[in-house]
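One structure below.
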Amino acid sequence: MAQQVTGPAAGASQSAPPRMKFYVDTKRCIECGGCEVACKNENEVPKGIFRIRVVTVNEGVTGETNVPIPCMHCSNAPCVAACPVDALYTRADGIVHVNKETCIGCGYCLYACPFGAPQFPKANVFGTRGVMDKCTYCAGGPAEAFSGKEHTLYGANRVAEGKLPACASFCATKALVAGDAEFVDSVVKQRAATRGGPANTWGWDQAYKS
Amino acid sequence: MTNSMNDIRNSKCVMVIGENVCTSHPIAMQHILTAKEVNKAPFIVVDPRFSQTAGLADYHVRLRSGTDVALIYGMIHVILKNNWEDKKMLAERTYGYKDLLAELSKYGLPDAKASKTDLKEDLKAVSDMTGVAPEDVIKLATLMAKNRPSTVIWAMGGTQHNHGTGVVRTYCLLQLVLGNMGVSGGGTNVFRGHDNVQGATDLGVTSDSLPGYYGVAESAFKHWAGVWDVDLEWIKGRFTTVKSKAKQMVDGKEVEVDVETKLMEKPGLTVARWYEAVLMDQKVLGQPTNVKAAIYWGHSSNCESQMDRVKQALEKVELLVDIDPFITTTTMLPDRKDGVYMLPAATAYEQSGSVTNSNRGVQWRNAIVKPVFESRTDLDILMDFANRMGFGKDFAKNKNGPWKQIPEDLTREISMGMLSIGMRGHTPERLKRQHDWAHTFAVNNTRSESGPTKGEQWGLPWPCWSSKHPGTAILYRTTVPVMQGGGGFRARWGDKAPDGESMLSAKGSAPVGGSIKDGYDAYKGYATDLTGKAIDEALAKGLNPYGNGRARISAWGIPDPVPTHREAIHSPRPDLVAKWPTYDDMKEQFRVPTLFKSLQKPDWVKKYPVILSSGRQVEFEGGGATERNAWWLVELQPEMYVEIHPKLAADNGIQHGDWVRVTTPEDLDAKPSSIKVKAKVTRRVSPDMVYLPFHWAGVWDGKSLADKFPDGMAPYGTGESANVVTNYGYDRVTQMQETKTGLCRIEKA
């Protein structure tokens, strides 16, 4: 008889499922815009809407830094707290989604969000807001997985296919890292540890100059 | 590249000069960032712009565009003065070091070994020429010397100058002086511009060589006639012979003699100036007729400077053919209704075959879909041409007989003929097998660790001398045997230099494990023996077939044997033009006359006080025919722009988003050229320069060309082209256009 395989899921079923996370490494982003294009292509995001945006600060001077900003899928997400109709909710795996059939386009989430993730297409000529659109972590939305309805309302569902979000998958320098919290955490720790040392450590010269 | 992309991970110091990696080669940044983070390698960017790459660097040095030679010589002086040079490398494996020392003295640099002067004082003249402070020159040299192996990476910022050949040669001299050649983490690493462009160069896209750098002499045609199994006499019969009179000295008297030039053996036109052979009077051309037809194949005409003249030529030729997956500028630019043919070519995803990447590695590419709609593969189009021109059968065969398996037999034909650079080991079977076993290749050294590919380097980078050879991931490395990718410098220049010095490298400097321990000449017949016996014999003795010679610091046969700084033809520093002039005009360069000195007018700068440089933006590539048709790319970058420093903008009453007119010198035309573009006010550029991306087209002289496209085919992104205003000027050796250093004036439009 074949030996029964016990995967990590067997032990983990007792505790909460892993939380999905993004990590944005500002020391690695090269402002190529690959994440923006990958997102638009994968999710067929309409013109003018950006589910992820690379922001450059201090352009052209020392200290120039690029920050790709998707929805960060916060723990205790302020948008979820602010939503008056409970259109926003946090999934068991930590991904924050919006139900577009419930959303009333009030825009409170935009004011609550520290990252500017919620996007609002113009609904009519007077510029009133349409239903909110945002990064889904490429995990579709509250509709049947892979259905036409899901695709139209929310875009791709790569997570259900066992894939990571398109933006992080395309990132040339892995400035944008996606995965469950444990994995992302190990990447953050490994990078921080690697970067320590003489060349880049603040105060090294003062402390060890003989 | 002498080393591989991945090998940058092994560098202890990375200097990028004249290249914006983040924009032009984003994927390569992962290797540079790994060197920076893991090795703590100082990351230096030398560029007139504070580019996106500079934003990630530890050090950015802003030099005046086109003064690289002086900067590198300043660095070499600092290295010599501190005794940091690799004396063994210089003595054993180079030729002409003393000529370099003589050249250095022209830059106000005293004898590095004898003088006791202060380094900062020494560097005063260099600093004045380059705009780089002496402290920064010292810092760069110190970082590069103290953190070896250090690598130098460059691209078109080094080449697009009237002395571009000299500029890139100085980068190589720096690496020779530092002994960074033939070592992991070092090397001279030029990032090639686009997909398979190294393959195109290797296979003779230039007009002065047949595939494999054999040149265009009759002997080269003989070699390839043998590969192709065609009659050499038949090839010769396809070319005409030009008879002319020339003056010659006979017994002290000048007499007129008849000269016969076989066009077959004469370098042809270049992509930079082909149109002059359409427009100029035939009498000044180096060929008996004007050009009557133009075929563009995977190239956009908005990449060529002097675009107003390109347009005239596109209108004047009798036949114009444009072969591309998209409708390019070439078809839309000329005002003509007849004689234009667009052939829809398949994209890279619709055809298979072997391609060569920047680090000489060859990969097999599989078609993932059949060509869609009416498009056809490049080979299919080429075959159709050959058939209709009546030599299809001769075209589709070689020494092994008629092609049977396409495109595999083409790769086999390439490996049969390309012996000079050692592409002999590239069989389709090996290339495909590498794909199947890609997971066995290590990231840091690109070597396969297990499986049937064990020991092979990824892509079998040439020279790959035989079906057993692993490929050469790092060129000129003598510490490993030839059969593991070892080799010296190619012995390409005979065994003696004109001054009698040996061109073979010194005693004991050969790659390890060979029967000869010293310098040796190329193995007799290795490049032309189609049976491959010569190469196999050399390998059996542990010898590198191309020999073990010396690198030429002083290269006889080119205008500046040791590179010399030359001011740009449109120099912003007329005070330096007298000491560092450009070259004399050439009556004939690649069959057309080229102006140098007669256009280098010191008063250009009075009317045109701002330096004009051009380059890339990350969203688009080349002429942008593909990318300007992708709406999400255009959404990110919807308009053509000029980068202007806040000070220059304010001084000219220009604000971010304003329309700006960029006007440049009249050069060959009666009136100045100009374009109208949006202002992007940014500190990336210095206050004395502006920067234009060159991918734009679709608007000419203020008028949109959109109505000329078939319905629904006009690109989403259109704008005026940078190459309308890039200045006249060409490299003295290669005729590369001088589009990195020009002059212009700007005003609010």
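Chain labels follow the order of the structure tokens: the first chain is A, the next B, and so on; residue numbering restarts at 1 in every chain, and ligands are counted from 1 in their shown order.
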Let's see if you can do this: from backbone DSSP, list all strand (DSSP E or B) residues in range 26-150 of chain A, as a PyMOL selection string.
chain A and resi 53-57+65-69+88-90+96-98+119+122+129+133+139
At a cut-off of 7 Å, list the chain B residues touching chain A, using only C-alpha atoms, as number ranges by chain.
B: 22-23, 26-27, 29-30, 37-38, 40, 50-52, 55, 618, 632-633, 682-684
What are the DSSP alpha helix (DSSP H) residues of range 80-194 of chain A, as a ChimeraX atom specification?
/A:80-82,108-112,148-154,166-170,181-194
Tell me, as a count of residues only, which residues lie within 8 Å of range 284-292 of chain B, counting only C-alpha atoms; anything in the same chain fewer than 2 positions away does not count.
18
Please provide the set of residues having any atom within 12 Å of range 505-510 of chain B, restricted to only C-alpha atoms, with same-chain residues fewer than 6 positions apart removed, written as a PyMOL selection string.
chain B and resi 88-95+476-482+486-496+516-521+542-544+547-552
All residues 12 Å or closer to Pro118 in chain A, only C-alpha atoms, same chain fewer than 6 positions away omitted, as a compact mmCIF listing (two decimals) with N, CA and C atoms, in the first residue's frame:
# COMPACT_ATOMS: atom_id res chain seq x y z
N ILE A 49 -7.41 53.56 -13.92
CA ILE A 49 -7.44 52.86 -12.64
C ILE A 49 -6.11 52.14 -12.45
N PHE A 50 -5.51 52.32 -11.28
CA PHE A 50 -4.26 51.62 -10.99
C PHE A 50 -4.40 50.83 -9.70
N ARG A 51 -4.41 49.51 -9.79
CA ARG A 51 -4.48 48.68 -8.60
C ARG A 51 -3.13 48.60 -7.91
N ILE A 52 -2.07 48.92 -8.66
CA ILE A 52 -0.73 49.06 -8.07
C ILE A 52 -0.06 50.21 -8.80
N ARG A 53 0.73 50.98 -8.07
CA ARG A 53 1.35 52.16 -8.66
C ARG A 53 2.76 52.28 -8.09
N ILE A 69 3.17 50.41 -4.75
CA ILE A 69 2.11 50.37 -3.73
C ILE A 69 0.86 49.69 -4.26
N PRO A 70 0.67 48.42 -3.89
CA PRO A 70 -0.62 47.77 -4.15
C PRO A 70 -1.48 47.96 -2.90
N CYS A 71 -2.64 47.28 -2.79
CA CYS A 71 -3.33 47.18 -1.52
C CYS A 71 -2.45 46.31 -0.63
N MET A 72 -2.18 46.75 0.58
CA MET A 72 -1.28 45.99 1.46
C MET A 72 -2.01 44.90 2.23
N HIS A 73 -3.30 44.76 2.02
CA HIS A 73 -4.09 43.70 2.68
C HIS A 73 -3.79 43.67 4.18
N PRO A 78 -8.15 49.32 8.00
CA PRO A 78 -9.00 50.48 8.29
C PRO A 78 -10.14 50.65 7.28
N CYS A 79 -9.94 50.20 6.05
CA CYS A 79 -11.00 50.34 5.05
C CYS A 79 -12.21 49.48 5.45
N VAL A 80 -11.90 48.29 5.96
CA VAL A 80 -12.98 47.38 6.38
C VAL A 80 -13.77 48.02 7.52
N CYS A 83 -16.00 51.04 6.14
CA CYS A 83 -17.06 50.79 5.15
C CYS A 83 -18.43 50.74 5.83
N LEU A 88 -16.58 45.79 2.27
CA LEU A 88 -15.19 45.37 2.43
C LEU A 88 -15.09 44.34 3.55
N VAL A 96 -7.89 41.19 1.65
CA VAL A 96 -9.01 42.10 1.81
C VAL A 96 -9.72 42.26 0.46
N HIS A 97 -11.00 42.00 0.44
CA HIS A 97 -11.77 42.09 -0.80
C HIS A 97 -12.92 43.07 -0.67
N VAL A 98 -13.40 43.53 -1.84
CA VAL A 98 -14.60 44.36 -1.84
C VAL A 98 -15.69 43.63 -2.63
N CYS A 103 -21.04 47.53 -2.67
CA CYS A 103 -20.39 48.84 -2.56
C CYS A 103 -21.30 49.95 -3.10
N GLY A 105 -19.99 53.16 -3.38
CA GLY A 105 -19.11 54.17 -3.95
C GLY A 105 -18.98 55.43 -3.12
N CYS A 106 -19.15 55.32 -1.79
CA CYS A 106 -19.11 56.51 -0.95
C CYS A 106 -17.72 57.08 -0.80
N GLY A 107 -16.69 56.21 -0.91
CA GLY A 107 -15.32 56.71 -0.85
C GLY A 107 -14.73 56.82 0.54
N TYR A 108 -15.46 56.37 1.57
CA TYR A 108 -14.90 56.45 2.93
C TYR A 108 -13.61 55.65 3.03
N CYS A 109 -13.58 54.50 2.34
CA CYS A 109 -12.39 53.63 2.40
C CYS A 109 -11.15 54.37 1.90
N LEU A 110 -11.33 55.24 0.89
CA LEU A 110 -10.19 55.98 0.35
C LEU A 110 -9.56 56.85 1.43
N TYR A 111 -10.45 57.48 2.25
CA TYR A 111 -9.92 58.34 3.31
C TYR A 111 -9.29 57.52 4.43
N ALA A 112 -9.79 56.30 4.63
CA ALA A 112 -9.27 55.46 5.71
C ALA A 112 -7.93 54.82 5.31
N ARG A 129 -18.56 59.17 -8.05
CA ARG A 129 -17.79 57.93 -7.99
C ARG A 129 -18.62 56.72 -8.39
N GLY A 130 -17.93 55.80 -9.08
CA GLY A 130 -18.53 54.50 -9.32
C GLY A 130 -18.15 53.57 -8.19
N VAL A 131 -18.42 52.32 -8.41
CA VAL A 131 -18.10 51.30 -7.41
C VAL A 131 -16.58 51.18 -7.26
N MET A 132 -16.15 51.02 -6.01
CA MET A 132 -14.71 50.99 -5.75
C MET A 132 -14.05 49.76 -6.38
N ASP A 133 -12.83 49.99 -6.91
CA ASP A 133 -12.04 48.90 -7.48
C ASP A 133 -10.68 48.92 -6.81
N LYS A 134 -10.14 47.76 -6.49
CA LYS A 134 -8.80 47.76 -5.90
C LYS A 134 -8.12 46.42 -6.15
N CYS A 135 -6.87 46.35 -5.75
CA CYS A 135 -6.07 45.13 -5.84
C CYS A 135 -6.79 44.00 -5.12
N THR A 136 -6.90 42.85 -5.79
CA THR A 136 -7.56 41.68 -5.18
C THR A 136 -6.54 40.65 -4.73
